Number of protein chains: 2
Amino acid sequence: MHEVAERAGVSAKTVSRVMNGERYVSSGTSERVHAAAAALGFRPNVIAREFRMGATSMTIGLITGDVANPFYSRIARGAEHALRLPGFSLLSASNDEDAERERMLVTRFVERRVSGLLIASADDDHSLLRNEARLGTPIVFLDRAPTDIEADTVVIDNGGGIRRAVEHLLEGGHRRIALVGDLSRLSTYHERSAAFGAEMAAAGVGDWERYVRADSHDAEAAARTVHELLGLPQPPTALITSNNRITTGALRALNGVVQRPALVGFDDFDLADVLGITVIAHDPDAMGRIGAEELLARLHGDTSAPRHHVLDVDLVVRASSLVPAPR
Amino acid sequence: MHEVAERAGVSAKTVSRVMNGERYVSSGTSERVHAAAAALGFRPNVIAREFRMGATSMTIGLITGDVANPFYSRIARGAEHALRLPGFSLLSASNDEDAERERMLVTRFVERRVSGLLIASADDDHSLLRNEARLGTPIVFLDRAPTDIEADTVVIDNGGGIRRAVEHLLEGGHRRIALVGDLSRLSTYHERSAAFGAEMAAAGVGDWERYVRADSHDAEAAARTVHELLGLPQPPTALITSNNRITTGALRALNGVVQRPALVGFDDFDLADVLGITVIAHDPDAMGRIGAEELLARLHGDTSAPRHHVLDVDLVVRASSLVPAPR
DNA sequence: TTGAAAGCGCTAACAG
DNA sequence: CTGTTAGCGCTTTCAA
């Protein structure tokens, strides 16, 4: 900047004014500065600027389970789009569903002075985040609502989705319905299995718990679980898979099976229409977008009580769930 | 930091030493500083540190077409994993295949002093990037090799993939083979259509060009293109779709069609096995990883000539391409 | 093993 | 409309 100032014959402050498009700069000066900057290949140093300006950088940290999981990558896209116009850049990282790693990432982002944090947390101890929130970093929890901290959240209507799916399968005459769940320590699992149990019990199915499985962390594990279920003396006649990877695993396990159980999957996915899979659909882009908007509101000084957004789900009925219950 | 120094009764420099784990600090001093830092909730200010240290930040910029496209999100994952241990954070953004937007993102990242840039460029004028490279920012081009700049590249063996697919289909007796291509201004399209034409001509198919289509930028457009091809008086008996979104669109278009053409898709995808789709498979994670490693090598001072990595492809034959050619 | 002083590039505050 | 001064939090250099 100093070199630019010298070449244009002005002060550093004037260069600063020109680069930031401030008013009260004569057009002649502005032109000379721009010419000098171009000639010298000058790039304003954002690090210096943010350092001088104070606490935060124009970045938002996004922490999810795995950037390559379509659920999370669509969240990232939604957030990116919402942050585009306001000029924020997105620092994104995967916690691999590991609490330790997540804390490392949170620390790293906070030390980097992100303006805010979007997080699909894999940790159930949020004392670190509580502290950062208290120190002023706005935090929005995505997908999983924490129980140990009052904060903004954006989650899916898990209960509603599962209820819709169970009702649909019950109407089809199914009673032996299995739930292939994700990690049992997550709030999403609790909400879903609770709704599942309530709905089944209300329908008079007492022994629903024997078809509930948890902790299929990836497609392979889910495939094994589905195999195990189908091998039962009284196998389930219907399956509810609780996320896109589990649905993928189930579809692999069911490939070639003659007596296929009915299937409803949580999360819509790219070729569900072609495969004819009934899904509990929702909008992950909206989760990222709303989370980002919430963050922006907080950055604009909104200090009202935490808001809890619940995204609607939609049961998209296709062939896979229209398999009639045997007998 | 000053407050920590005061509370611990030491100088700012000593706090700095402790926070960075430098040697020559007595254990007593170290403990007092740590205690003071913890009590005050002190977070080292990475912005100030990077500002003082000089030119760059511990971040790498990743620019792709769309974070939510599985091809790109797997690149992101590969890059993230490679950058994990060295301690870099990933700033990621989508250019939406728009050159203008891409330049804006490049400028933003450079001004933020990223240590390096990974880019799947949608621009064919790289004068901006050439300039940044000259000024010292290492840049690695992913997926698309630029023609107007000498730089490190990591691309897929596009020609080899297409050749393998065409050979396979020719062996199945197909002569009327269509290529449903992506954006015609991209190098990937040129490499693929060139290989396609060469292979077809070598097999004595003279009029191969009448089944070549380009610029299906999304699944919907691809579906329309496939419909158009199937409506031809002499429709193709086989299709090669040139990326995952195009394959998705083709599968939608083919859904319910009785006389289905053989199909080979570029890019493997999640349920290709269940759907029985033959694909030209490759490893997008490796692209991100190798690109990141290349960047790290440059940051470690490697100034040797640009390297051009070409990732192997693998033709995974499934049912979709085993449709015999009619007649 | 520790401290003092200086300065990275930028902008706020004030002066002209 | 433009310039001067000072200082953000940190680390480098030098001295103790």
# chains A, B, ... in the order shown; residues from 1 in each chain; ligands from 1
>>> closest_atom_pairs(of="chain B", to="chain D", cutoff="12 Å", atoms="only C-alpha atoms (C1' of nucleotides)", output="Markdown table")
| residue | atom | partner | partner_atom | distance |
| --- | --- | --- | --- | --- |
| B:Met1 | CA | D:DG9 | C1' | 7.4 |
| B:His2 | CA | D:DG9 | C1' | 8.7 |
| B:Glu3 | CA | D:DG9 | C1' | 11.6 |
| B:Ala12 | CA | D:DC10 | C1' | 8.9 |
| B:Lys13 | CA | D:DT11 | C1' | 7.8 |
| B:Thr14 | CA | D:DT11 | C1' | 10.9 |
| B:Val15 | CA | D:DC10 | C1' | 10.5 |
| B:Ser16 | CA | D:DC10 | C1' | 7.9 |
| B:Arg17 | CA | D:DT11 | C1' | 9.5 |
| B:Met19 | CA | D:DC10 | C1' | 11.5 |
| B:Asn20 | CA | D:DT11 | C1' | 10.8 |
| B:Arg43 | CA | D:DG9 | C1' | 11.3 |
| B:Pro44 | CA | D:DG9 | C1' | 8.8 |
| B:Asn45 | CA | D:DG9 | C1' | 7.0 |
| B:Val46 | CA | D:DC10 | C1' | 8.9 |
| B:Ile47 | CA | D:DG9 | C1' | 8.6 |
| B:Ala48 | CA | D:DG9 | C1' | 5.2 |
| B:Arg49 | CA | D:DC10 | C1' | 5.1 |
| B:Glu50 | CA | D:DC10 | C1' | 8.4 |
| B:Phe51 | CA | D:DC10 | C1' | 8.0 |
| B:Arg52 | CA | D:DC10 | C1' | 5.9 |
| B:Met53 | CA | D:DT11 | C1' | 7.1 |
| B:Gly54 | CA | D:DT11 | C1' | 10.4 |
>>> interface_residues(of="chain B", to="chain A", cutoff="9 Å", atoms="only C-alpha atoms", output="number ranges by chain")
B: 41, 43-48, 50-52, 55-57, 59, 66-77, 80, 89-94, 107-113, 131-132, 135, 248, 251-252, 255, 270-271, 273-275
>>> closest_atom_pairs(of="segment 212-288 of chain A", to="segment 183-194 of chain A", cutoff="12 Å", atoms="only C-alpha atoms", output="CSV")
residue,atom,partner,partner_atom,distance
A:Val212,CA,A:Ser193,CA,7.9
A:Arg213,CA,A:Ser184,CA,9.1
A:Ala214,CA,A:Ser184,CA,5.7
A:Asp215,CA,A:Leu183,CA,4.2
A:Ser216,CA,A:Leu183,CA,6.6
A:His217,CA,A:Leu183,CA,6.3
A:Asp218,CA,A:Leu183,CA,9.8
A:Ala221,CA,A:Leu183,CA,11.4
A:Ala222,CA,A:Leu183,CA,11.3
A:Ile240,CA,A:Arg192,CA,10.4
A:Thr241,CA,A:Arg192,CA,10.7
A:Ser242,CA,A:Arg192,CA,8.1
A:Asn243,CA,A:Thr188,CA,10.2
A:Ile246,CA,A:Leu183,CA,11.0
A:Phe266,CA,A:Arg192,CA,10.1
>>> write_last_selection(atoms="C-alpha atoms", output="short mmCIF file (atom, residue, chain, number, x, y, z; two decimals), in the first residue's frame")
data_model
loop_
_atom_site.label_atom_id
_atom_site.label_comp_id
_atom_site.auth_asym_id
_atom_site.auth_seq_id
_atom_site.Cartn_x
_atom_site.Cartn_y
_atom_site.Cartn_z
CA VAL A 212 -35.31 -51.27 16.31
CA ARG A 213 -31.62 -51.13 15.50
CA ALA A 214 -29.12 -48.34 16.02
CA ASP A 215 -25.56 -47.28 15.24
CA SER A 216 -25.31 -48.23 11.60
CA HIS A 217 -22.73 -45.55 10.93
CA ASP A 218 -22.26 -46.28 7.26
CA ALA A 221 -23.01 -51.52 8.57
CA ALA A 222 -26.56 -50.77 7.49
CA ILE A 240 -37.61 -47.49 7.78
CA THR A 241 -34.03 -46.42 7.15
CA SER A 242 -33.06 -43.30 8.98
CA ASN A 243 -30.68 -41.53 6.63
CA ILE A 246 -28.45 -46.30 5.62
CA PHE A 266 -35.29 -40.73 5.60
#
>>> residues_around(residues="Val316 of chain A", least_positions_apart="4", cutoff="7 Å", atoms="only C-alpha atoms (C1' of nucleotides)", output="list in words")
Thr278, Val279, Ile280 and Ala281 of chain A
>>> select_by_dssp(residues="segment 55-135 of chain B", states="alpha helix (DSSP H)", output="ChimeraX atom specification")
/B:70-84,99-111,127-134
>>> interface_residues(of="chain C", to="chain A", cutoff="12 Å", atoms="only C-alpha atoms (C1' of nucleotides)", output="ChimeraX atom specification")
/C:8-12
>>> atom_distance(atom1="atom CA of Val25 of chain A", atom2="atom CA of Gly9 of chain A")
13.9 Å
>>> atom_distance(atom1="atom CA of His174 of chain B", atom2="atom CA of Ala238 of chain B")
6.7 Å
>>> residues_around(residues="Pro146 of chain B", least_positions_apart="5", cutoff="9 Å", atoms="only C-alpha atoms (C1' of nucleotides)", output="list of chain:residue names")
B:Ser121, B:Asp123, B:Asp124, B:Asp125, B:His126, B:Phe141, B:Ala151, B:Thr153, B:Ser187
>>> residues_around(residues="segment 300-310 of chain B", least_positions_apart="2", cutoff="12 Å", atoms="only C-alpha atoms (C1' of nucleotides)", output="MDAnalysis selection string")
chainID B and resid 86 115:116 133 136:146 149:161 282:284 286:291 293:298 312:313
>>> decode(residues="chain D", atoms="C-alpha atoms (C1' of nucleotides)", output="PDB file, in the first residue's frame")
ATOM      1  C1'  DC D   1     -11.041  16.629  -0.183  1.00  0.00           C
ATOM      2  C1'  DT D   2      -6.482  14.999   2.001  1.00  0.00           C
ATOM      3  C1'  DG D   3      -2.826  14.157   5.468  1.00  0.00           C
ATOM      4  C1'  DT D   4      -0.855  12.855  10.268  1.00  0.00           C
ATOM      5  C1'  DT D   5      -0.619  10.116  14.126  1.00  0.00           C
ATOM      6  C1'  DA D   6      -1.289   6.216  16.622  1.00  0.00           C
ATOM      7  C1'  DG D   7      -2.155   1.512  17.617  1.00  0.00           C
ATOM      8  C1'  DC D   8      -4.667  -3.150  16.755  1.00  0.00           C
ATOM      9  C1'  DG D   9      -1.855  -8.392  18.810  1.00  0.00           C
ATOM     10  C1'  DC D  10       1.677 -10.568  17.658  1.00  0.00           C
ATOM     11  C1'  DT D  11       6.670 -12.016  16.839  1.00  0.00           C
ATOM     12  C1'  DT D  12      11.581 -10.790  15.607  1.00  0.00           C
ATOM     13  C1'  DT D  13      15.673  -9.003  17.219  1.00  0.00           C
ATOM     14  C1'  DC D  14      18.522  -7.876  20.498  1.00  0.00           C
ATOM     15  C1'  DA D  15      19.908  -7.390  25.151  1.00  0.00           C
ATOM     16  C1'  DA D  16      20.042  -8.887  29.816  1.00  0.00           C
TER      17       DA D  16
END
